>>> print(open('structure_31.cif').read())   # mmCIF, C-alpha atoms
data_coords
loop_
_atom_site.group_PDB
_atom_site.id
_atom_site.type_symbol
_atom_site.label_atom_id
_atom_site.label_comp_id
_atom_site.auth_asym_id
_atom_site.auth_seq_id
_atom_site.Cartn_x
_atom_site.Cartn_y
_atom_site.Cartn_z
ATOM 1 C CA MET Z 890 -2.463 -3.121 -30.597
ATOM 2 C CA VAL Z 891 -3.639 -0.093 -28.631
ATOM 3 C CA PRO Z 892 -0.820 2.109 -27.321
ATOM 4 C CA ARG Z 893 -0.470 2.224 -23.541
ATOM 5 C CA GLN Z 894 -1.821 5.417 -21.990
ATOM 6 C CA LYS Z 895 -0.645 6.934 -18.747
ATOM 7 C CA PRO Z 896 -3.323 7.888 -16.188
ATOM 8 C CA TYR Z 897 -4.421 11.521 -16.216
ATOM 9 C CA ARG Z 898 -2.540 13.656 -13.722
ATOM 10 C CA ALA Z 899 -1.387 17.228 -13.421
ATOM 11 C CA LYS Z 900 2.066 17.882 -14.809
ATOM 12 C CA GLY Z 901 4.725 16.317 -12.599
ATOM 13 C CA GLU Z 902 2.222 14.877 -10.107
ATOM 14 C CA VAL Z 903 2.923 11.410 -8.698
ATOM 15 C CA SER Z 904 -0.149 9.201 -8.267
ATOM 16 C CA GLN Z 905 1.590 6.394 -6.336
ATOM 17 C CA SER Z 906 3.617 6.825 -3.172
ATOM 18 C CA PHE Z 907 5.836 4.206 -1.567
ATOM 19 C CA ASN Z 908 5.698 5.228 2.092
ATOM 20 C CA ASP Z 909 5.432 1.925 3.972
ATOM 21 C CA GLY Z 910 9.122 0.988 4.105
ATOM 22 C CA ARG Z 911 12.054 -0.443 2.191
ATOM 23 C CA LEU Z 912 12.626 -3.884 0.781
ATOM 24 C CA VAL Z 913 15.649 -5.598 -0.683
ATOM 25 C CA VAL Z 914 15.181 -7.975 -3.616
ATOM 26 C CA HIS Z 915 17.679 -10.866 -3.593
ATOM 27 C CA ALA Z 916 18.674 -13.449 -6.178
ATOM 28 C CA VAL Z 917 19.164 -16.981 -4.847
ATOM 29 C CA THR Z 918 22.658 -18.223 -5.686
ATOM 30 C CA ASP Z 919 24.667 -21.349 -4.930
ATOM 31 C CA GLY Z 920 27.310 -20.451 -2.380
ATOM 32 C CA ALA Z 921 28.918 -23.882 -2.040
ATOM 33 C CA GLN Z 922 32.370 -24.779 -3.205
ATOM 34 C CA GLU Z 923 32.598 -26.623 -6.491
ATOM 35 C CA GLY Z 924 31.740 -30.299 -6.065
ATOM 36 C CA HIS Z 925 30.008 -29.827 -2.693
ATOM 37 C CA ARG Z 926 26.329 -29.945 -1.783
ATOM 38 C CA PRO Z 927 24.495 -26.774 -2.924
ATOM 39 C CA VAL Z 928 24.029 -24.052 -0.319
ATOM 40 C CA ALA Z 929 21.418 -21.378 -1.038
ATOM 41 C CA ARG Z 930 22.683 -17.848 -0.461
ATOM 42 C CA LEU Z 931 20.993 -14.540 -1.127
ATOM 43 C CA LYS Z 932 22.712 -11.936 -3.268
ATOM 44 C CA PRO Z 933 21.163 -8.425 -3.088
ATOM 45 C CA VAL Z 934 19.970 -7.155 -6.464
ATOM 46 C CA VAL Z 935 18.058 -3.945 -5.758
ATOM 47 C CA SER Z 936 16.726 -1.975 -2.783
ATOM 48 C CA LEU Z 937 13.344 -0.266 -3.243
ATOM 49 C CA ARG Z 938 10.659 1.538 -1.283
ATOM 50 C CA PHE Z 939 7.292 -0.210 -1.123
ATOM 51 C CA SER Z 940 3.618 0.380 -0.410
ATOM 52 C CA ASN Z 941 1.430 -2.270 1.243
ATOM 53 C CA ARG Z 942 -1.558 -3.440 -0.775
ATOM 54 C CA ARG Z 943 -4.711 -5.166 0.367
ATOM 55 C CA LEU Z 944 -4.597 -8.951 0.134
ATOM 56 C CA GLY Z 945 -7.979 -9.719 -1.412
ATOM 57 C CA ILE Z 946 -10.051 -12.741 -0.434
ATOM 58 C CA GLU Z 947 -10.035 -14.016 -4.022
ATOM 59 C CA ARG Z 948 -6.236 -13.939 -4.249
ATOM 60 C CA TYR Z 949 -5.922 -15.531 -0.808
ATOM 61 C CA TYR Z 950 -8.223 -18.474 -1.563
ATOM 62 C CA ALA Z 951 -6.832 -18.968 -5.072
ATOM 63 C CA GLY Z 952 -3.434 -19.438 -3.429
ATOM 64 C CA MET Z 953 -4.874 -21.811 -0.837
ATOM 65 C CA GLN Z 954 -6.305 -23.985 -3.624
ATOM 66 C CA ASN Z 955 -2.751 -24.384 -4.933
ATOM 67 C CA GLN Z 956 -1.325 -25.075 -1.433
ATOM 68 C CA ILE Z 957 0.277 -21.622 -1.298
ATOM 69 C CA LYS Z 958 -0.279 -19.373 1.719
ATOM 70 C CA VAL Z 959 -0.039 -15.828 0.394
ATOM 71 C CA GLU Z 960 1.194 -13.559 3.209
ATOM 72 C CA ARG Z 961 1.133 -10.081 1.692
ATOM 73 C CA VAL Z 962 1.040 -7.970 -1.433
ATOM 74 C CA VAL Z 963 3.346 -4.976 -1.882
ATOM 75 C CA ARG Z 964 3.697 -2.409 -4.657
ATOM 76 C CA VAL Z 965 7.132 -1.323 -5.884
ATOM 77 C CA GLN Z 966 8.457 0.721 -8.773
ATOM 78 C CA ARG Z 967 8.918 -1.273 -11.938
ATOM 79 C CA ARG Z 968 12.430 -2.633 -12.409
ATOM 80 C CA ALA Z 969 13.469 -5.006 -15.186
ATOM 81 C CA GLU Z 970 15.526 -7.235 -12.891
ATOM 82 C CA ILE Z 971 12.571 -8.264 -10.662
ATOM 83 C CA ASN Z 972 11.067 -11.682 -11.407
ATOM 84 C CA SER Z 973 9.194 -14.472 -9.640
ATOM 85 C CA GLN Z 974 12.347 -16.480 -8.860
ATOM 86 C CA MET Z 975 13.653 -13.960 -6.351
ATOM 87 C CA VAL Z 976 13.417 -13.470 -2.597
ATOM 88 C CA VAL Z 977 12.425 -10.293 -0.738
ATOM 89 C CA ILE Z 978 13.344 -9.108 2.759
ATOM 90 C CA LEU Z 979 11.188 -6.243 4.101
ATOM 91 C CA SER Z 980 12.343 -3.544 6.502
ATOM 92 C CA ASP Z 981 9.361 -4.102 8.831
ATOM 93 C CA SER Z 982 10.154 -7.839 9.245
ATOM 94 C CA PRO Z 983 13.965 -8.086 8.914
ATOM 95 C CA GLY Z 984 14.329 -11.747 9.906
ATOM 96 C CA THR Z 985 11.692 -13.008 7.477
ATOM 97 C CA ALA Z 986 12.295 -13.841 3.828
ATOM 98 C CA TYR Z 987 9.447 -13.887 1.316
ATOM 99 C CA ARG Z 988 9.423 -15.639 -2.056
ATOM 100 C CA ILE Z 989 7.954 -13.614 -4.929
ATOM 101 C CA ASP Z 990 5.076 -15.795 -6.124
ATOM 102 C CA LEU Z 991 3.589 -13.444 -8.704
ATOM 103 C CA VAL Z 992 4.710 -10.220 -10.395
ATOM 104 C CA GLN Z 993 1.831 -8.158 -11.791
ATOM 105 C CA GLU Z 994 2.251 -5.012 -13.839
ATOM 106 C CA VAL Z 995 0.137 -2.027 -12.718
ATOM 107 C CA PHE Z 996 -1.085 0.201 -15.534
ATOM 108 C CA ASP Z 997 -3.106 2.853 -13.688
ATOM 109 C CA ALA Z 998 -0.386 4.393 -11.506
ATOM 110 C CA TRP Z 999 2.541 6.703 -12.059
ATOM 111 C CA PRO Z 1000 5.433 5.923 -11.781
ATOM 112 C CA ASP Z 1001 5.111 2.499 -13.417
ATOM 113 C CA CYS Z 1002 4.718 -0.212 -10.774
ATOM 114 C CA TYR Z 1003 4.640 -3.917 -10.018
ATOM 115 C CA ASP Z 1004 2.434 -5.636 -7.449
ATOM 116 C CA LEU Z 1005 4.426 -8.437 -5.827
ATOM 117 C CA THR Z 1006 2.538 -11.327 -4.234
ATOM 118 C CA LEU Z 1007 4.704 -12.638 -1.393
ATOM 119 C CA VAL Z 1008 4.795 -16.079 0.255
ATOM 120 C CA LYS Z 1009 6.704 -16.555 3.514
ATOM 121 C CA PHE Z 1010 9.820 -18.741 3.371
ATOM 122 C CA GLU Z 1011 10.523 -21.195 6.172
ATOM 123 C CA GLN Z 1012 14.115 -21.751 5.012
ATOM 124 C CA ARG Z 1013 16.983 -19.706 6.495
ATOM 125 C CA PHE Z 1014 19.437 -18.069 4.100
ATOM 126 C CA GLU Z 1015 22.901 -16.598 4.367
ATOM 127 C CA VAL Z 1016 22.993 -13.124 2.831
ATOM 128 C CA ILE Z 1017 26.028 -12.227 0.734
ATOM 129 C CA ALA Z 1018 27.009 -8.600 1.285
#
>>> encode(input="structure_31.cif", output="structure tokens")
Amino acid sequence: MVPRQKPYRAKGEVSQSFNDGRLVVHAVTDGAQEGHRPVARLKPVVSLRFSNRRLGIERYYAGMQNQIKVERVVRVQRRAEINSQMVVILSDSPGTAYRIDLVQEVFDAWPDCYDLTLVKFEQRFEVIA
């Protein structure tokens, strides 16, 4: 296995900025009392800055073939707790929740990043503070 190499950059230089806003990654939890019907609630996990990425035509139509309407792609710093079973709320659309459909590791940027493919949720959630 070939060791992973960082992209070339001057000492201390950052090659990826996250200037487009903040997002909060939430875990979906069951907020119902024991024995009652499940109620989906969002529990905040981590708050990060993000950078918007271009939603390519190939990614868009690949999602459409699987009956998934991909809304946007954002880049965030890599965090171990982020996975595709979480929900994201962006600062530029506070009333809208997005499901993380795909988490892709980015190897050619510093600091280490993930590209998150987001699908809009139609369901309303209660956010646990």
>>> residues_around(input="structure_31.cif", residues="Z:Arg968", least_positions_apart="4", cutoff="10 Å", atoms="all atoms listed in the file", output="PyMOL selection string")
chain Z and resi 935+937+972+1001-1003
>>> closest_residue(input="structure_31.cif", among="Z:Ser973, Z:Gln993, Z:Thr985, Z:Thr1006", to="Z:Ala916", atoms="only C-alpha atoms")
Z:Ser973
>>> closest_residue(input="structure_31.cif", among="Z:Asp909, Z:Glu1011, Z:Glu923, Z:Glu970", to="Z:Val992", atoms="all atoms listed in the file")
Z:Glu970
>>> resolve_selection(input="structure_31.cif", expression="the PyMOL selection byres ((chain Z and resi 1004) around 10)", output="PyMOL selection string")
chain Z and resi 939-942+962-967+991-995+1002-1003+1005-1007
>>> atom_distance(input="structure_31.cif", atom1="atom CA of Z:Asn908", atom2="atom CA of Z:Met953")
29.2 Å
>>> atom_distance(input="structure_31.cif", atom1="atom CA of Z:Val1008", atom2="atom CA of Z:Ser906")
23.2 Å
>>> residues_near_point(input="structure_31.cif", point="(10.4, -8.7, 6.2)", cutoff="12 Å", atoms="all atoms listed in the file", output="list in words")
Asp909, Gly910, Arg911, Leu912, Val913, Val914, Phe939, Glu960, Arg961, Val963, Val976, Val977, Ile978, Leu979, Ser980, Asp981, Ser982, Pro983, Gly984, Thr985, Ala986, Tyr987, Arg988, Leu1007, Val1008, Lys1009 and Phe1010 of chain Z
>>> atom_distance(input="structure_31.cif", atom1="atom CA of Z:Val928", atom2="atom CA of Z:Ile957")
23.9 Å
>>> closest_residue(input="structure_31.cif", among="Z:Met975, Z:Ala969, Z:Ala998, Z:Ile989", to="Z:Arg930", atoms="all atoms listed in the file")
Z:Met975
>>> resolve_selection(input="structure_31.cif", expression="the PyMOL selection byres ((chain Z and resi 932) around 6)", output="number ranges by chain")
Z: 915-916, 931, 933, 1017
>>> closest_residue(input="structure_31.cif", among="Z:Val934, Z:Val959, Z:Gln974, Z:Ala921", to="Z:Ile946", atoms="all atoms listed in the file")
Z:Val959
>>> decode(input="structure_31.cif", residues="stretch 901-1014 of chain Z", atoms="C-alpha atoms", output="PDB file, in the first residue's frame")
ATOM      1  CA  GLY Z 901       1.678  26.450   7.140  1.00  0.00           C
ATOM      2  CA  GLU Z 902      -0.385  27.368   4.065  1.00  0.00           C
ATOM      3  CA  VAL Z 903      -4.015  26.227   3.965  1.00  0.00           C
ATOM      4  CA  SER Z 904      -5.239  25.061   0.552  1.00  0.00           C
ATOM      5  CA  GLN Z 905      -8.937  24.768   1.483  1.00  0.00           C
ATOM      6  CA  SER Z 906     -11.049  27.512   3.006  1.00  0.00           C
ATOM      7  CA  PHE Z 907     -14.513  27.101   4.487  1.00  0.00           C
ATOM      8  CA  ASN Z 908     -16.000  30.554   3.915  1.00  0.00           C
ATOM      9  CA  ASP Z 909     -19.582  29.856   2.823  1.00  0.00           C
ATOM     10  CA  GLY Z 910     -21.205  29.440   6.244  1.00  0.00           C
ATOM     11  CA  ARG Z 911     -21.747  27.123   9.185  1.00  0.00           C
ATOM     12  CA  LEU Z 912     -23.571  23.841   9.425  1.00  0.00           C
ATOM     13  CA  VAL Z 913     -24.627  21.688  12.336  1.00  0.00           C
ATOM     14  CA  VAL Z 914     -24.469  17.904  11.982  1.00  0.00           C
ATOM     15  CA  HIS Z 915     -27.212  16.117  13.951  1.00  0.00           C
ATOM     16  CA  ALA Z 916     -27.758  12.500  14.932  1.00  0.00           C
ATOM     17  CA  VAL Z 917     -31.341  11.251  14.629  1.00  0.00           C
ATOM     18  CA  THR Z 918     -32.541   9.892  17.970  1.00  0.00           C
ATOM     19  CA  ASP Z 919     -35.807   8.502  19.306  1.00  0.00           C
ATOM     20  CA  GLY Z 920     -37.326  11.091  21.604  1.00  0.00           C
ATOM     21  CA  ALA Z 921     -40.469   9.177  22.567  1.00  0.00           C
ATOM     22  CA  GLN Z 922     -41.198   7.789  25.977  1.00  0.00           C
ATOM     23  CA  GLU Z 923     -40.579   4.095  26.444  1.00  0.00           C
ATOM     24  CA  GLY Z 924     -43.399   2.031  24.954  1.00  0.00           C
ATOM     25  CA  HIS Z 925     -44.756   4.872  22.791  1.00  0.00           C
ATOM     26  CA  ARG Z 926     -44.576   5.406  19.040  1.00  0.00           C
ATOM     27  CA  PRO Z 927     -41.076   6.534  17.947  1.00  0.00           C
ATOM     28  CA  VAL Z 928     -40.559  10.269  17.499  1.00  0.00           C
ATOM     29  CA  ALA Z 929     -37.517  11.382  15.500  1.00  0.00           C
ATOM     30  CA  ARG Z 930     -35.525  14.127  17.199  1.00  0.00           C
ATOM     31  CA  LEU Z 931     -32.251  15.711  16.188  1.00  0.00           C
ATOM     32  CA  LYS Z 932     -29.359  15.793  18.627  1.00  0.00           C
ATOM     33  CA  PRO Z 933     -26.494  18.157  17.648  1.00  0.00           C
ATOM     34  CA  VAL Z 934     -23.167  16.367  17.242  1.00  0.00           C
ATOM     35  CA  VAL Z 935     -20.772  18.931  15.776  1.00  0.00           C
ATOM     36  CA  SER Z 936     -20.852  22.444  14.305  1.00  0.00           C
ATOM     37  CA  LEU Z 937     -18.518  23.115  11.359  1.00  0.00           C
ATOM     38  CA  ARG Z 938     -17.781  25.713   8.711  1.00  0.00           C
ATOM     39  CA  PHE Z 939     -18.423  24.629   5.129  1.00  0.00           C
ATOM     40  CA  SER Z 940     -17.592  25.469   1.529  1.00  0.00           C
ATOM     41  CA  ASN Z 941     -20.108  24.973  -1.294  1.00  0.00           C
ATOM     42  CA  ARG Z 942     -19.045  22.607  -4.058  1.00  0.00           C
ATOM     43  CA  ARG Z 943     -20.332  22.293  -7.589  1.00  0.00           C
ATOM     44  CA  LEU Z 944     -23.044  19.679  -8.043  1.00  0.00           C
ATOM     45  CA  GLY Z 945     -21.885  17.923 -11.203  1.00  0.00           C
ATOM     46  CA  ILE Z 946     -24.284  16.674 -13.862  1.00  0.00           C
ATOM     47  CA  GLU Z 947     -23.004  13.111 -13.461  1.00  0.00           C
ATOM     48  CA  ARG Z 948     -23.667  13.076  -9.713  1.00  0.00           C
ATOM     49  CA  TYR Z 949     -27.075  14.687 -10.225  1.00  0.00           C
ATOM     50  CA  TYR Z 950     -28.283  12.159 -12.809  1.00  0.00           C
ATOM     51  CA  ALA Z 951     -26.780   9.192 -10.959  1.00  0.00           C
ATOM     52  CA  GLY Z 952     -28.928  10.224  -7.995  1.00  0.00           C
ATOM     53  CA  MET Z 953     -31.992  10.642 -10.199  1.00  0.00           C
ATOM     54  CA  GLN Z 954     -31.555   7.078 -11.481  1.00  0.00           C
ATOM     55  CA  ASN Z 955     -31.844   5.903  -7.870  1.00  0.00           C
ATOM     56  CA  GLN Z 956     -34.868   8.166  -7.165  1.00  0.00           C
ATOM     57  CA  ILE Z 957     -32.734  10.532  -5.079  1.00  0.00           C
ATOM     58  CA  LYS Z 958     -32.808  14.274  -5.757  1.00  0.00           C
ATOM     59  CA  VAL Z 959     -29.384  15.552  -4.741  1.00  0.00           C
ATOM     60  CA  GLU Z 960     -29.723  19.194  -3.642  1.00  0.00           C
ATOM     61  CA  ARG Z 961     -26.162  20.275  -2.899  1.00  0.00           C
ATOM     62  CA  VAL Z 962     -22.613  19.244  -2.142  1.00  0.00           C
ATOM     63  CA  VAL Z 963     -20.618  20.885   0.653  1.00  0.00           C
ATOM     64  CA  ARG Z 964     -17.047  20.427   1.859  1.00  0.00           C
ATOM     65  CA  VAL Z 965     -16.250  20.269   5.577  1.00  0.00           C
ATOM     66  CA  GLN Z 966     -13.221  19.410   7.665  1.00  0.00           C
ATOM     67  CA  ARG Z 967     -12.842  15.717   8.316  1.00  0.00           C
ATOM     68  CA  ARG Z 968     -14.364  14.562  11.595  1.00  0.00           C
ATOM     69  CA  ALA Z 969     -14.642  10.935  12.685  1.00  0.00           C
ATOM     70  CA  GLU Z 970     -18.208  11.300  13.956  1.00  0.00           C
ATOM     71  CA  ILE Z 971     -19.696  12.271  10.551  1.00  0.00           C
ATOM     72  CA  ASN Z 972     -21.447   9.465   8.665  1.00  0.00           C
ATOM     73  CA  SER Z 973     -24.209   8.973   6.108  1.00  0.00           C
ATOM     74  CA  GLN Z 974     -26.914   8.349   8.730  1.00  0.00           C
ATOM     75  CA  MET Z 975     -26.891  11.921   9.991  1.00  0.00           C
ATOM     76  CA  VAL Z 976     -28.812  15.100   9.224  1.00  0.00           C
ATOM     77  CA  VAL Z 977     -27.371  18.545   8.459  1.00  0.00           C
ATOM     78  CA  ILE Z 978     -28.874  22.003   8.969  1.00  0.00           C
ATOM     79  CA  LEU Z 979     -27.079  24.824   7.106  1.00  0.00           C
ATOM     80  CA  SER Z 980     -26.821  28.426   8.266  1.00  0.00           C
ATOM     81  CA  ASP Z 981     -28.013  29.777   4.893  1.00  0.00           C
ATOM     82  CA  SER Z 982     -31.246  27.703   5.002  1.00  0.00           C
ATOM     83  CA  PRO Z 983     -32.090  27.380   8.727  1.00  0.00           C
ATOM     84  CA  GLY Z 984     -35.530  25.787   8.336  1.00  0.00           C
ATOM     85  CA  THR Z 985     -34.358  23.056   5.967  1.00  0.00           C
ATOM     86  CA  ALA Z 986     -32.843  19.745   7.020  1.00  0.00           C
ATOM     87  CA  TYR Z 987     -30.663  17.729   4.651  1.00  0.00           C
ATOM     88  CA  ARG Z 988     -29.864  14.022   4.902  1.00  0.00           C
ATOM     89  CA  ILE Z 989     -26.224  13.097   4.264  1.00  0.00           C
ATOM     90  CA  ASP Z 990     -26.457  10.711   1.312  1.00  0.00           C
ATOM     91  CA  LEU Z 991     -22.751  10.220   0.662  1.00  0.00           C
ATOM     92  CA  VAL Z 992     -19.540  11.031   2.542  1.00  0.00           C
ATOM     93  CA  GLN Z 993     -16.473  11.226   0.297  1.00  0.00           C
ATOM     94  CA  GLU Z 994     -12.938  11.698   1.542  1.00  0.00           C
ATOM     95  CA  VAL Z 995     -10.924  14.429  -0.225  1.00  0.00           C
ATOM     96  CA  PHE Z 996      -7.223  13.685  -0.599  1.00  0.00           C
ATOM     97  CA  ASP Z 997      -5.933  16.758  -2.447  1.00  0.00           C
ATOM     98  CA  ALA Z 998      -6.760  19.481   0.088  1.00  0.00           C
ATOM     99  CA  TRP Z 999      -5.353  20.616   3.396  1.00  0.00           C
ATOM    100  CA  PRO Z1000      -6.767  20.393   6.042  1.00  0.00           C
ATOM    101  CA  ASP Z1001      -8.233  16.928   5.452  1.00  0.00           C
ATOM    102  CA  CYS Z1002     -11.820  17.192   4.205  1.00  0.00           C
ATOM    103  CA  TYR Z1003     -15.045  15.380   3.415  1.00  0.00           C
ATOM    104  CA  ASP Z1004     -17.432  16.184   0.573  1.00  0.00           C
ATOM    105  CA  LEU Z1005     -20.990  15.665   1.801  1.00  0.00           C
ATOM    106  CA  THR Z1006     -23.717  14.976  -0.758  1.00  0.00           C
ATOM    107  CA  LEU Z1007     -26.961  16.353   0.676  1.00  0.00           C
ATOM    108  CA  VAL Z1008     -30.583  15.397  -0.052  1.00  0.00           C
ATOM    109  CA  LYS Z1009     -33.406  17.625   1.196  1.00  0.00           C
ATOM    110  CA  PHE Z1010     -35.660  16.180   3.905  1.00  0.00           C
ATOM    111  CA  GLU Z1011     -39.402  16.755   3.740  1.00  0.00           C
ATOM    112  CA  GLN Z1012     -39.911  15.595   7.339  1.00  0.00           C
ATOM    113  CA  ARG Z1013     -39.957  18.113  10.213  1.00  0.00           C
ATOM    114  CA  PHE Z1014     -37.798  17.395  13.256  1.00  0.00           C
TER     115      PHE Z1014
END
